[in-house]
file my_file17.cif (mmCIF, C-alpha atoms)
data_start
#
loop_
_atom_site.label_atom_id
_atom_site.label_comp_id
_atom_site.auth_asym_id
_atom_site.auth_seq_id
_atom_site.Cartn_x
_atom_site.Cartn_y
_atom_site.Cartn_z
CA MET A 97 -26.78 -81.88 -63.92
CA ASN A 98 -27.04 -81.99 -60.16
CA SER A 99 -28.43 -79.19 -58.02
CA ARG A 100 -24.94 -77.89 -56.97
CA SER A 101 -23.87 -77.38 -60.60
CA LEU A 102 -27.17 -75.70 -61.34
CA GLN A 103 -26.67 -73.23 -58.46
CA THR A 104 -23.19 -72.39 -59.71
CA THR A 105 -24.43 -71.92 -63.25
CA ILE A 106 -27.24 -69.62 -62.05
CA VAL A 107 -24.79 -67.52 -60.02
CA PHE A 108 -22.46 -67.23 -63.00
CA LEU A 109 -25.32 -66.23 -65.26
CA VAL A 110 -26.59 -63.62 -62.80
CA VAL A 111 -23.11 -62.15 -62.25
CA GLY A 112 -22.31 -62.34 -65.96
CA GLY A 113 -25.66 -60.74 -66.76
CA ILE A 114 -25.07 -57.89 -64.30
CA LEU A 115 -21.58 -57.41 -65.70
CA ALA A 116 -22.93 -57.39 -69.22
CA LEU A 117 -25.64 -54.92 -68.30
CA THR A 118 -23.07 -52.74 -66.58
CA LEU A 119 -20.66 -52.83 -69.47
CA GLY A 120 -23.56 -52.18 -71.79
CA GLY A 121 -24.37 -49.02 -69.83
CA TYR A 122 -27.74 -50.21 -68.67
CA LEU A 123 -26.80 -49.91 -64.99
CA GLY A 124 -25.08 -46.47 -65.19
CA GLY A 125 -26.76 -44.80 -62.19
CA ALA A 126 -26.46 -47.80 -59.94
CA SER A 127 -22.89 -48.39 -61.16
CA ASN A 128 -21.85 -44.83 -60.41
CA GLN A 129 -23.41 -45.01 -56.98
CA PHE A 130 -21.56 -48.22 -56.35
CA ASN A 131 -18.28 -46.87 -57.67
CA SER A 132 -18.44 -43.69 -55.62
CA SER A 133 -19.24 -45.71 -52.49
CA ILE A 134 -16.25 -47.91 -53.18
CA ILE A 135 -14.01 -44.92 -53.80
CA GLU A 136 -15.18 -43.17 -50.64
CA ALA A 137 -14.57 -46.32 -48.66
CA GLN A 138 -11.14 -46.63 -50.22
CA ASN A 139 -10.35 -43.03 -49.45
CA TRP A 140 -11.40 -43.47 -45.86
CA LEU A 141 -9.37 -46.60 -45.50
CA SER A 142 -6.36 -45.09 -47.23
CA ALA A 143 -6.48 -41.99 -45.03
CA ARG A 144 -6.72 -44.09 -41.89
CA TYR A 145 -3.85 -46.25 -43.05
CA ARG A 146 -1.72 -43.21 -43.86
CA GLY A 147 -2.47 -41.77 -40.42
CA PHE A 148 -1.56 -45.02 -38.80
CA GLN A 149 1.61 -45.28 -40.85
CA GLU A 150 2.62 -41.73 -39.94
CA PHE A 151 1.87 -42.41 -36.32
CA MET A 152 4.10 -45.46 -36.39
CA THR A 153 6.97 -43.86 -38.30
CA THR A 154 6.91 -40.28 -36.99
CA PRO A 155 9.03 -40.78 -33.86
CA ARG A 156 11.92 -42.08 -35.97
CA ASP A 157 11.50 -39.28 -38.54
CA ALA A 158 11.20 -36.59 -35.86
CA ALA A 159 14.47 -37.67 -34.28
CA ALA A 160 16.18 -37.64 -37.66
CA LEU A 161 14.59 -34.31 -38.57
CA ARG A 162 15.55 -32.82 -35.23
CA ALA A 163 19.15 -33.86 -35.73
CA GLU A 164 19.13 -32.50 -39.24
CA ASN A 165 17.46 -29.31 -38.03
CA GLU A 166 20.14 -28.81 -35.38
CA LYS A 167 22.83 -29.41 -37.96
CA LEU A 168 21.26 -26.92 -40.35
CA THR A 169 20.74 -24.37 -37.58
CA GLU A 170 24.42 -24.65 -36.68
CA GLU A 171 25.32 -24.28 -40.31
CA ILE A 172 23.10 -21.19 -40.62
CA SER A 173 24.65 -19.59 -37.52
CA ARG A 174 28.13 -20.36 -38.82
CA LEU A 175 27.28 -18.87 -42.20
CA GLN A 176 25.65 -15.85 -40.58
CA THR A 177 28.76 -15.25 -38.47
CA GLN A 178 30.86 -15.63 -41.60
CA LEU A 179 28.56 -13.23 -43.45
CA ILE A 180 28.83 -10.62 -40.68
CA GLU A 181 32.62 -11.01 -40.66
CA MET A 182 32.69 -10.63 -44.43
CA GLN A 183 30.44 -7.58 -44.30
CA GLN A 184 32.73 -6.05 -41.67
CA ARG A 185 35.72 -6.76 -43.88
CA VAL A 186 33.97 -5.25 -46.88
CA ASN A 187 33.11 -2.16 -44.79
CA GLU A 188 36.69 -1.89 -43.57
CA THR A 189 38.01 -2.38 -47.08
CA ASP A 190 35.68 0.35 -48.38
CA ILE A 191 36.82 2.72 -45.63
CA LEU A 192 40.48 1.88 -46.20
CA ALA A 193 40.10 2.28 -49.95
CA ALA A 194 38.56 5.72 -49.40
CA LEU A 195 41.37 6.62 -47.01
CA VAL A 196 44.00 5.46 -49.51
CA ASP A 197 42.33 7.61 -52.18
CA PHE A 198 42.38 10.53 -49.77
CA SER A 199 46.07 10.06 -48.94
CA ARG A 200 46.91 9.76 -52.65
CA ALA A 201 44.99 12.96 -53.35
CA ASN A 202 46.90 14.74 -50.56
CA PRO A 203 50.48 13.49 -50.99
CA GLU A 204 51.99 16.45 -49.11
CA SER A 205 51.05 14.82 -45.79
CA SER A 206 52.07 11.44 -44.44
CA TYR A 207 49.42 9.41 -42.68
CA LYS A 208 49.07 6.62 -40.17
CA ALA A 209 45.78 4.72 -40.16
CA ALA A 210 44.26 3.85 -36.80
CA SER A 211 41.07 2.14 -35.60
CA VAL A 212 38.75 3.81 -33.14
CA ILE A 213 38.63 1.53 -30.09
CA GLY A 214 36.74 3.61 -27.55
CA ARG A 215 35.32 6.90 -26.39
CA ASP A 216 35.77 9.02 -23.32
CA PRO A 217 33.62 7.70 -20.43
CA SER A 218 32.24 11.15 -19.62
CA PRO A 219 29.21 12.19 -21.69
CA PHE A 220 30.32 15.83 -21.38
CA LEU A 221 33.47 15.20 -23.39
CA HIS A 222 33.93 14.22 -27.03
CA TYR A 223 37.14 12.26 -27.23
CA ILE A 224 37.93 9.01 -29.00
CA ILE A 225 40.65 6.47 -28.29
CA ILE A 226 42.64 5.07 -31.21
CA ASN A 227 44.86 2.00 -31.35
CA ARG A 228 48.10 3.78 -32.36
CA GLY A 229 50.47 5.41 -29.93
CA SER A 230 53.99 6.67 -29.45
CA SER A 231 55.42 3.38 -30.76
CA ASP A 232 53.84 4.28 -34.10
CA GLU A 233 55.34 7.79 -34.07
CA ILE A 234 52.08 9.38 -32.97
CA ARG A 235 52.67 12.61 -31.03
CA ARG A 236 50.47 15.02 -29.12
CA GLY A 237 48.89 17.69 -31.29
CA MET A 238 48.89 15.74 -34.56
CA PRO A 239 45.72 16.35 -36.61
CA VAL A 240 43.37 13.44 -37.22
CA VAL A 241 41.23 13.19 -40.36
CA THR A 242 39.10 10.83 -42.38
CA ASN A 243 38.63 10.89 -46.12
CA GLN A 244 35.65 13.18 -45.50
CA GLY A 245 37.47 15.80 -43.46
CA LEU A 246 38.96 16.91 -40.16
CA ILE A 247 37.88 15.15 -36.97
CA GLY A 248 40.26 16.47 -34.30
CA ARG A 249 43.76 16.25 -32.92
CA VAL A 250 45.76 13.96 -30.67
CA ASP A 251 45.40 15.02 -27.04
CA ALA A 252 47.34 12.33 -25.13
CA VAL A 253 49.52 9.41 -26.14
CA ILE A 254 50.69 6.18 -24.54
CA ALA A 255 52.76 3.46 -26.19
CA ASP A 256 50.00 1.69 -28.09
CA ALA A 257 47.05 4.06 -27.94
CA ALA A 258 46.18 7.72 -28.13
CA ARG A 259 43.28 9.91 -27.12
CA VAL A 260 41.93 12.30 -29.76
CA GLN A 261 39.96 15.44 -29.00
CA LEU A 262 37.19 15.74 -31.59
CA ILE A 263 36.28 19.11 -33.04
CA THR A 264 32.81 18.54 -31.54
CA ASP A 265 34.22 18.66 -27.98
CA PRO A 266 32.95 21.69 -26.04
CA ALA A 267 36.56 22.72 -25.30
CA SER A 268 37.62 22.53 -28.95
CA SER A 269 38.15 25.61 -31.10
CA VAL A 270 39.53 25.55 -34.64
CA ASN A 271 40.48 28.51 -36.79
CA VAL A 272 38.68 28.11 -40.08
CA TYR A 273 38.31 29.82 -43.41
CA LEU A 274 35.06 30.27 -45.31
CA LYS A 275 36.05 29.70 -48.90
CA ASN A 276 33.21 31.49 -50.70
CA ALA A 277 33.02 34.40 -48.29
CA GLU A 278 36.82 34.61 -48.10
CA THR A 279 36.79 35.30 -44.38
CA ASN A 280 38.13 33.70 -41.23
CA ALA A 281 36.04 32.39 -38.36
CA MET A 282 36.26 30.17 -35.32
CA LEU A 283 34.71 26.73 -35.16
CA LEU A 284 33.46 25.73 -31.70
CA GLY A 285 32.25 22.40 -30.36
CA SER A 286 29.44 21.87 -27.88
CA VAL A 287 28.23 19.42 -25.28
CA THR A 288 25.63 18.07 -27.72
CA GLY A 289 28.24 17.30 -30.37
CA ASP A 290 27.01 20.04 -32.72
CA ILE A 291 29.56 22.43 -34.15
CA ALA A 292 29.06 26.13 -34.80
CA LEU A 293 30.91 29.07 -36.30
CA ASP A 294 31.57 32.22 -34.35
CA MET A 295 33.63 35.38 -34.91
CA ILE A 296 32.45 35.77 -38.51
CA SER A 297 32.95 39.38 -39.52
CA GLN A 298 29.77 41.41 -39.99
CA ASP A 299 31.14 42.53 -43.35
CA ALA A 300 31.35 39.00 -44.70
CA THR A 301 28.57 37.64 -46.91
CA VAL A 302 28.03 34.10 -45.79
CA GLU A 303 25.43 31.76 -47.24
CA ALA A 304 24.17 28.33 -46.39
CA GLY A 305 26.26 25.68 -48.12
CA ASP A 306 29.53 27.63 -47.97
CA LEU A 307 32.49 25.33 -47.59
CA ILE A 308 34.49 25.54 -44.35
CA LEU A 309 38.22 24.71 -44.38
CA THR A 310 40.88 24.96 -41.71
CA SER A 311 42.79 28.22 -42.04
CA GLY A 312 46.04 27.09 -40.42
CA LEU A 313 46.05 30.18 -38.21
CA GLY A 314 47.32 29.57 -34.69
CA GLY A 315 49.43 26.64 -35.81
CA GLY A 316 47.14 24.00 -34.30
CA TYR A 317 45.99 22.48 -37.59
CA PRO A 318 47.31 22.44 -41.16
CA ALA A 319 45.46 24.62 -43.64
CA ASP A 320 42.81 23.53 -46.14
CA LEU A 321 41.36 20.52 -44.37
CA ILE A 322 37.63 20.22 -44.99
CA VAL A 323 35.48 20.72 -41.89
CA GLY A 324 31.93 21.05 -43.20
CA GLN A 325 29.42 23.44 -44.68
CA VAL A 326 27.48 26.37 -43.30
CA ALA A 327 23.97 25.23 -42.42
CA THR A 328 22.23 28.33 -41.11
CA LEU A 329 23.48 31.85 -40.47
CA ARG A 330 22.58 34.11 -37.54
CA SER A 331 23.35 37.72 -38.20
CA LEU A 332 22.17 40.44 -35.82
CA GLU A 333 23.12 44.04 -36.43
CA PHE A 334 23.82 44.88 -32.80
CA GLU A 335 26.27 41.99 -32.35
CA LEU A 336 29.97 42.24 -33.11
CA PHE A 337 30.12 39.05 -35.12
CA GLN A 338 27.86 36.76 -37.12
CA GLN A 339 27.35 33.16 -36.09
CA ALA A 340 26.43 30.04 -38.02
CA THR A 341 25.55 26.44 -37.45
CA VAL A 342 27.63 23.89 -39.32
CA GLN A 343 26.85 20.65 -41.07
CA PRO A 344 30.02 18.65 -40.39
CA ALA A 345 31.62 16.76 -43.25
CA VAL A 346 32.24 13.75 -41.00
CA ASP A 347 29.65 11.62 -39.25
CA PHE A 348 31.15 11.61 -35.75
CA THR A 349 28.86 8.84 -34.50
CA ARG A 350 30.23 6.32 -37.00
CA LEU A 351 33.98 6.78 -36.78
CA GLN A 352 35.77 3.48 -37.38
CA ILE A 353 39.11 4.11 -39.04
CA VAL A 354 40.92 7.44 -39.01
CA LEU A 355 44.16 8.86 -40.37
CA VAL A 356 46.69 10.67 -38.20
CA ILE A 357 48.76 13.24 -40.09
CA THR A 358 52.21 12.39 -38.79
CA ASN A 359 54.31 15.01 -40.55
CA PHE A 360 52.53 17.97 -38.98
CA ARG A 361 54.01 19.53 -35.87
CA PRO A 362 51.67 21.96 -34.09
CA VAL A 363 53.11 25.30 -33.14
CA ASP A 364 52.63 26.44 -29.58
CA ILE A 365 51.98 30.16 -29.81
CA ALA A 366 51.08 30.56 -26.14
CA PRO A 367 54.36 32.37 -25.28
CA LEU A 368 53.62 34.92 -27.99
CA GLU A 369 50.15 35.70 -26.68
CA PRO A 370 49.89 38.84 -24.58
CA MET B 284 42.27 -11.55 -1.46
CA ARG B 285 38.55 -11.72 -2.25
CA ASN B 286 38.65 -8.14 -3.40
CA LEU B 287 40.93 -9.08 -6.28
CA ILE B 288 37.72 -9.76 -8.18
CA ALA B 289 37.52 -5.97 -8.46
CA PHE B 290 40.38 -5.93 -10.98
CA PRO B 291 38.86 -8.06 -13.75
CA LEU B 292 35.37 -6.75 -13.07
CA LEU B 293 36.24 -3.05 -13.12
CA ILE B 294 38.60 -3.45 -16.07
CA LEU B 295 35.77 -5.17 -17.93
CA ALA B 296 33.44 -2.38 -16.83
CA ILE B 297 35.72 0.36 -18.15
CA LEU B 298 36.13 -1.50 -21.45
CA LEU B 299 32.36 -1.84 -21.75
CA GLN B 300 31.94 1.79 -20.75
CA THR B 301 34.29 3.14 -23.41
CA SER B 302 33.14 0.81 -26.17
CA ILE B 303 29.44 0.10 -25.60
CA PHE B 304 27.79 2.09 -22.81
CA ASN B 305 29.04 5.35 -24.35
CA GLN B 306 27.42 4.46 -27.66
CA VAL B 307 24.04 3.86 -26.02
CA ARG B 308 23.00 7.49 -25.99
CA LEU B 309 19.84 9.15 -24.83
CA LEU B 310 20.09 12.67 -26.24
CA SER B 311 23.68 13.39 -25.19
CA GLY B 312 23.62 11.37 -21.98
CA SER B 313 25.03 7.91 -21.35
CA ALA B 314 25.07 5.43 -18.48
CA ASP B 315 28.05 5.13 -16.14
CA ALA B 316 28.84 1.44 -15.66
CA LEU B 317 31.59 2.09 -13.10
CA LEU B 318 29.32 4.18 -10.92
CA LEU B 319 26.57 1.56 -11.07
CA ILE B 320 28.90 -1.32 -10.25
CA LEU B 321 30.53 0.60 -7.44
CA GLY B 322 27.22 1.70 -5.93
CA ALA B 323 25.70 -1.78 -6.19
CA TRP B 324 28.81 -3.39 -4.64
CA ALA B 325 28.99 -0.94 -1.74
CA LEU B 326 25.32 -1.63 -0.96
CA GLN B 327 25.86 -5.33 -0.39
CA ASP B 328 25.93 -6.77 3.13
CA ARG B 329 29.34 -7.63 4.56
CA VAL B 330 31.15 -5.59 1.88
CA GLU B 331 33.64 -3.36 3.63
CA SER B 332 36.04 -2.80 0.77
CA ALA B 333 34.02 -0.32 -1.26
CA TRP B 334 36.63 2.42 -0.92
CA ARG B 335 39.24 0.16 -2.55
CA TRP B 336 36.86 -0.43 -5.42
CA ALA B 337 36.27 3.33 -5.63
CA ALA B 338 40.01 3.97 -5.78
CA LEU B 339 40.47 1.42 -8.55
CA ALA B 340 37.48 2.77 -10.51
CA CYS B 341 38.92 6.28 -10.17
CA LEU B 342 42.32 5.09 -11.39
CA LEU B 343 40.88 3.31 -14.44
CA ALA B 344 38.48 6.09 -15.42
CA SER B 345 41.02 8.87 -15.06
CA PHE B 346 43.51 6.83 -17.11
CA VAL B 347 41.09 6.67 -20.02
CA SER B 348 39.29 9.99 -19.67
CA HIS B 349 40.41 13.53 -20.32
CA LEU B 350 38.58 14.54 -17.13
CA SER B 351 40.78 15.18 -14.12
CA TRP B 352 41.35 12.30 -11.69
CA PHE B 353 40.08 14.18 -8.69
CA ILE B 354 36.60 14.50 -10.22
CA TYR B 355 36.45 10.70 -10.36
CA ALA B 356 38.01 10.44 -6.89
CA LEU B 357 35.37 12.77 -5.43
CA GLY B 358 32.53 11.27 -7.47
CA TYR B 359 33.24 7.58 -6.99
CA GLY B 360 34.49 8.08 -3.42
CA GLY B 361 31.26 9.92 -2.65
CA VAL B 362 29.19 7.14 -4.20
CA ALA B 363 30.99 4.50 -2.10
CA ILE B 364 30.52 6.48 1.13
CA LEU B 365 26.88 7.27 0.32
CA ALA B 366 26.12 3.64 -0.54
CA GLN B 367 27.66 2.31 2.66
CA THR B 368 25.81 4.88 4.74
CA LEU B 369 22.50 4.03 3.06
CA GLN B 370 23.18 0.32 3.33
CA ARG B 371 23.30 0.61 7.12
CA ARG B 372 20.14 2.72 7.25
CA VAL B 373 17.80 1.30 4.59
CA TRP B 374 19.10 -2.25 4.39
CA GLN B 375 15.58 -3.67 4.25
CA ALA B 376 14.91 -2.06 0.88
CA PRO B 377 18.01 -2.69 -1.22
CA LEU B 378 16.49 -1.50 -4.49
CA LEU B 379 15.34 1.74 -2.91
CA ALA B 380 18.86 2.23 -1.58
CA MET B 381 20.28 1.46 -5.06
CA PHE B 382 18.00 3.99 -6.72
CA SER B 383 18.90 6.59 -4.10
CA VAL B 384 22.62 5.98 -4.62
CA VAL B 385 22.26 6.16 -8.41
CA LEU B 386 20.15 9.30 -8.24
CA LEU B 387 22.41 11.19 -5.86
CA GLY B 388 25.65 9.74 -7.25
CA THR B 389 24.82 10.58 -10.87
CA ILE B 390 23.75 14.11 -10.04
CA ALA B 391 26.84 14.68 -7.86
CA MET B 392 29.19 13.27 -10.49
CA HIS B 393 27.73 15.37 -13.30
CA VAL B 394 27.52 18.55 -11.25
CA LEU B 395 31.18 18.08 -10.30
CA THR B 396 32.10 17.53 -13.95
CA TYR B 397 30.11 20.57 -15.02
CA ALA B 398 31.73 22.73 -12.34
CA PHE B 399 35.20 21.50 -13.28
CA LEU B 400 34.65 22.20 -16.99
CA GLN B 401 33.33 25.67 -16.22
CA ILE B 402 36.33 26.43 -14.02
CA THR B 403 38.76 25.20 -16.66
CA GLY B 404 37.16 27.47 -19.26
CA THR B 405 34.98 25.09 -21.24
CA PRO B 406 31.82 26.97 -22.11
CA ILE B 407 28.77 24.81 -21.42
CA ILE B 408 25.28 26.23 -20.95
CA PHE B 409 23.78 24.84 -17.73
CA THR B 410 20.31 24.23 -19.20
CA ASP B 411 21.92 22.25 -22.06
CA ALA B 412 23.98 20.25 -19.59
CA LEU B 413 20.94 19.56 -17.41
CA GLY B 414 18.46 18.74 -20.15
CA LEU B 415 20.71 16.98 -22.61
CA VAL B 416 23.30 15.25 -20.46
CA ILE B 417 22.49 15.05 -16.75
CA LEU B 418 18.82 14.02 -16.84
CA PRO B 419 19.16 11.54 -19.75
CA SER B 420 22.23 10.00 -18.06
CA LEU B 421 20.27 9.75 -14.83
CA LEU B 422 17.43 7.96 -16.60
CA LEU B 423 19.82 5.51 -18.27
CA ASN B 424 21.60 4.86 -14.98
CA MET B 425 18.24 4.18 -13.32
CA LEU B 426 17.35 1.72 -16.08
CA PHE B 427 20.63 -0.16 -15.76
CA ALA B 428 20.55 -0.03 -11.95
CA ILE B 429 18.22 -3.02 -11.51
CA PRO B 430 20.16 -5.65 -13.54
CA ILE B 431 23.50 -4.44 -12.24
CA HIS B 432 22.26 -4.56 -8.64
CA ALA B 433 21.04 -8.14 -9.16
CA PHE B 434 24.37 -9.13 -10.71
CA MET B 435 26.40 -7.54 -7.94
CA ARG B 436 24.20 -9.16 -5.27
CA ASP B 437 24.92 -12.59 -6.78
CA LEU B 438 28.61 -11.74 -7.03
CA ALA B 439 28.70 -10.62 -3.39
CA ARG B 440 27.06 -13.90 -2.33
CA TRP B 441 29.69 -15.78 -4.27
CA VAL B 442 32.55 -13.76 -2.83
CA TYR B 443 31.15 -13.75 0.71
CA PRO B 444 29.19 -17.05 1.03
CA PRO B 445 26.35 -16.61 3.55
CA GLU B 446 27.22 -19.82 5.45
CA GLU B 447 30.58 -18.38 6.48
CA TYR B 448 28.83 -15.47 8.12
CA ALA B 449 25.85 -17.33 9.59
#
call {"tool": "encode", "arguments": {"input": "my_file17.cif", "output": "structure tokens"}}
result
Amino acid sequence: MNSRSLQTTIVFLVVGGILALTLGGYLGGASNQFNSSIIEAQNWLSARYRGFQEFMTTPRDAAALRAENEKLTEEISRLQTQLIEMQQRVNETDILAALVDFSRANPESSYKAASVIGRDPSPFLHYIIINRGSSDEIRRGMPVVTNQGLIGRVDAVIADAARVQLITDPASSVNVYLKNAETNAMLLGSVTGDIALDMISQDATVEAGDLILTSGLGGGYPADLIVGQVATLRSLEFELFQQATVQPAVDFTRLQIVLVITNFRPVDIAPLEP
Amino acid sequence: MRNLIAFPLLILAILLQTSIFNQVRLLSGSADALLLILGAWALQDRVESAWRWAALACLLASFVSHLSWFIYALGYGGVAILAQTLQRRVWQAPLLAMFSVVLLGTIAMHVLTYAFLQITGTPIIFTDALGLVILPSLLLNMLFAIPIHAFMRDLARWVYPPEEYA
């Protein structure tokens, strides 16, 4: 056996011995130390490699992600637009369904539905503009309602649009009837858009929550259209009449679709007035 | 011919006024887009057609509104005259001139409207009108005055390029 073979044999024996001792559990502490060092080194190396790999591949991924992001953003905006359109349609359908129910419940009148397309430019006035005019048989003086109640009457008409004076307008006055108190009164608008009752007889017993309907007196509006409810009453002994604030049945800030009562012709009683 | 820009612009303004500006409420007041556009236009250098713009604004507003045409004629005509007078006097401070026009123009317009409604038998309490309509509208007009003045200045430069008048 030459010296080279001897060296190799010794190395094998040493390595085999260490391996045997390790497998036999005699080198546990040293083995664990060694293993953890190896694992730490591997972790470090792996992390560095991953970082390097990301660094090398990120530009390509970013471009792809950016393109995909743009595509998805477009898709989201398209879907959001579609969602808003759908919600609008659902709202319109709900309103129209309510208006159809109202017209079915009140078959004595014939109605024409119209969308609210604008409001009077002056903040002092409470008028709305609707998208139906004389070509749709709309005439001056026709009452305008929603399924919740009276909102006003047609003030001016052109071919494809009409202007409606709301009952909240400061120049508006409507003859009304208090159902529970069985008395007549006058409903007045104001510059703030609030409505109030005046000319309530001192003999009448009015309470908050009393229902207010149009009386039909004066010929300006048909009878029995809902206007609102009494909110608070002001009754002073030394005054000729009682007054009351009114909670309107209609939300005048959110008017979208209205119904014009087309078979009602207002009566002009001005020549009969003294 | 350059003044034809008034047609699309003022028509757009009246559409915005009736559909959007009127919904932006502060108490019961709202901004007046036509007044702001008219005032800002009349304050621009080289603009000598403000009265035509005022006439068109009056026509459009009185077509849409229940208010009588002569209230708009007096109001918008007054704004145009006031703006052109101020433009000659305080031309070095255009924003100050704009604020002055908006302040005086808004008050004049609303006082005219109030007087007209009182004369025609519409009962409005003056303190309500002042506190709930006139002052809030004035504040809104002041707020919108700056962007509208900037927009109208750019429009005037486009309509009347400075190099032509150098």
call {"tool": "residues_around", "arguments": {"input": "my_file17.cif", "residues": "B:Gln300", "least_positions_apart": "2", "cutoff": "8 Å", "atoms": "only C-alpha atoms", "output": "ChimeraX atom specification"}}
result
/A:217 /B:296-298,302-305,315-317
call {"tool": "resolve_selection", "arguments": {"input": "my_file17.cif", "expression": "the PyMOL selection byres ((chain B) within 9 of (chain A))", "output": "ChimeraX atom specification"}}
result
/B:297-298,300-306,308,310-315,344,347-350,393,396-397,400,404-408,411-412,415-417,420
call {"tool": "resolve_selection", "arguments": {"input": "my_file17.cif", "expression": "the PyMOL selection byres ((chain A and resi 341) around 12)", "output": "compact mmCIF listing (two decimals) with C-alpha atoms, in the coordinates of the input"}}
result
# COMPACT_ATOMS: atom_id res chain seq x y z
CA MET A 282 36.26 30.17 -35.32
CA LEU A 283 34.71 26.73 -35.16
CA LEU A 284 33.46 25.73 -31.70
CA GLY A 285 32.25 22.40 -30.36
CA SER A 286 29.44 21.87 -27.88
CA GLY A 289 28.24 17.30 -30.37
CA ASP A 290 27.01 20.04 -32.72
CA ILE A 291 29.56 22.43 -34.15
CA ALA A 292 29.06 26.13 -34.80
CA LEU A 293 30.91 29.07 -36.30
CA ASP A 294 31.57 32.22 -34.35
CA ILE A 296 32.45 35.77 -38.51
CA VAL A 302 28.03 34.10 -45.79
CA GLU A 303 25.43 31.76 -47.24
CA ALA A 304 24.17 28.33 -46.39
CA GLY A 305 26.26 25.68 -48.12
CA ASP A 306 29.53 27.63 -47.97
CA ILE A 308 34.49 25.54 -44.35
CA GLY A 324 31.93 21.05 -43.20
CA GLN A 325 29.42 23.44 -44.68
CA VAL A 326 27.48 26.37 -43.30
CA ALA A 327 23.97 25.23 -42.42
CA THR A 328 22.23 28.33 -41.11
CA LEU A 329 23.48 31.85 -40.47
CA ARG A 330 22.58 34.11 -37.54
CA SER A 331 23.35 37.72 -38.20
CA GLN A 338 27.86 36.76 -37.12
CA GLN A 339 27.35 33.16 -36.09
CA ALA A 340 26.43 30.04 -38.02
CA VAL A 342 27.63 23.89 -39.32
CA GLN A 343 26.85 20.65 -41.07
CA PRO A 344 30.02 18.65 -40.39
call {"tool": "atom_distance", "arguments": {"input": "my_file17.cif", "atom1": "atom CA of A:Thr310", "atom2": "atom CA of A:Val270"}}
result
7.2 Å
call {"tool": "atom_distance", "arguments": {"input": "my_file17.cif", "atom1": "atom CA of B:Leu418", "atom2": "atom CA of B:Arg436"}}
result
26.5 Å
call {"tool": "atom_distance", "arguments": {"input": "my_file17.cif", "atom1": "atom CA of A:Val253", "atom2": "atom CA of B:Phe290"}}
result
23.4 Å
call {"tool": "residues_around", "arguments": {"input": "my_file17.cif", "residues": "B:Ile429", "least_positions_apart": "4", "cutoff": "9 Å", "atoms": "all atoms listed in the file", "output": "VMD selection string"}}
result
chain B and resid 378 381 to 382 425 433 to 434
call {"tool": "axis_aligned_box", "arguments": {"input": "my_file17.cif", "around": "stretch 324-331 of chain B", "padding_each_side": "5 Å", "output": "JSON"}}
result
{"center_x": 29.5, "center_y": -4.3, "center_z": 0.0, "size_x": 18.3, "size_y": 16.7, "size_z": 19.2}
call {"tool": "residues_near_point", "arguments": {"input": "my_file17.cif", "point": "(55.8, 7.4, -32.2)", "cutoff": "12 Å", "atoms": "all atoms listed in the file", "output": "list in words"}}
result
Lys208, Arg228, Gly229, Ser230, Ser231, Asp232, Glu233, Ile234, Arg235, Arg236, Met238, Val253, Ile254, Ala255, Asp256, Ala257, Ala258, Val356, Thr358 and Asn359 of chain A
call {"tool": "closest_residue", "arguments": {"input": "my_file17.cif", "among": "B:Gln327, B:Ser345, B:Ser351, B:Thr410", "to": "B:Ala380", "atoms": "only C-alpha atoms"}}
result
B:Gln327
call {"tool": "resolve_selection", "arguments": {"input": "my_file17.cif", "expression": "the PyMOL selection byres ((chain B and resi 371) around 12)", "output": "PyMOL selection string"}}
result
chain B and resi 325-331+364-370+372-377+380
call {"tool": "residues_around", "arguments": {"input": "my_file17.cif", "residues": "stretch 355-357 of chain B", "least_positions_apart": "5", "cutoff": "10 Å", "atoms": "all atoms listed in the file", "output": "JSON, numbers by chain"}}
result
{"B": [318, 337, 338, 339, 340, 341, 342, 343, 344, 345, 348, 350, 362, 363, 391, 392, 395, 396]}
call {"tool": "closest_residue", "arguments": {"input": "my_file17.cif", "among": "A:Gln184, A:Ile365, A:Ile226, A:Phe108", "to": "A:Val250", "atoms": "all atoms listed in the file"}}
result
A:Ile226
call {"tool": "residues_near_point", "arguments": {"input": "my_file17.cif", "point": "(40.2, -0.5, -46.4)", "cutoff": "12 Å", "atoms": "only C-alpha atoms", "output": "CSV table (one decimal) with C-alpha atoms, keeping the file's coordinate frame"}}
result
chain,number,residue,atom,x,y,z
A,184,GLN,CA,32.7,-6.0,-41.7
A,185,ARG,CA,35.7,-6.8,-43.9
A,186,VAL,CA,34.0,-5.2,-46.9
A,187,ASN,CA,33.1,-2.2,-44.8
A,188,GLU,CA,36.7,-1.9,-43.6
A,189,THR,CA,38.0,-2.4,-47.1
A,190,ASP,CA,35.7,0.4,-48.4
A,191,ILE,CA,36.8,2.7,-45.6
A,192,LEU,CA,40.5,1.9,-46.2
A,193,ALA,CA,40.1,2.3,-50.0
A,194,ALA,CA,38.6,5.7,-49.4
A,195,LEU,CA,41.4,6.6,-47.0
A,196,VAL,CA,44.0,5.5,-49.5
A,197,ASP,CA,42.3,7.6,-52.2
A,198,PHE,CA,42.4,10.5,-49.8
A,209,ALA,CA,45.8,4.7,-40.2
A,210,ALA,CA,44.3,3.8,-36.8
A,211,SER,CA,41.1,2.1,-35.6
A,243,ASN,CA,38.6,10.9,-46.1
A,352,GLN,CA,35.8,3.5,-37.4
A,353,ILE,CA,39.1,4.1,-39.0
A,354,VAL,CA,40.9,7.4,-39.0
A,355,LEU,CA,44.2,8.9,-40.4
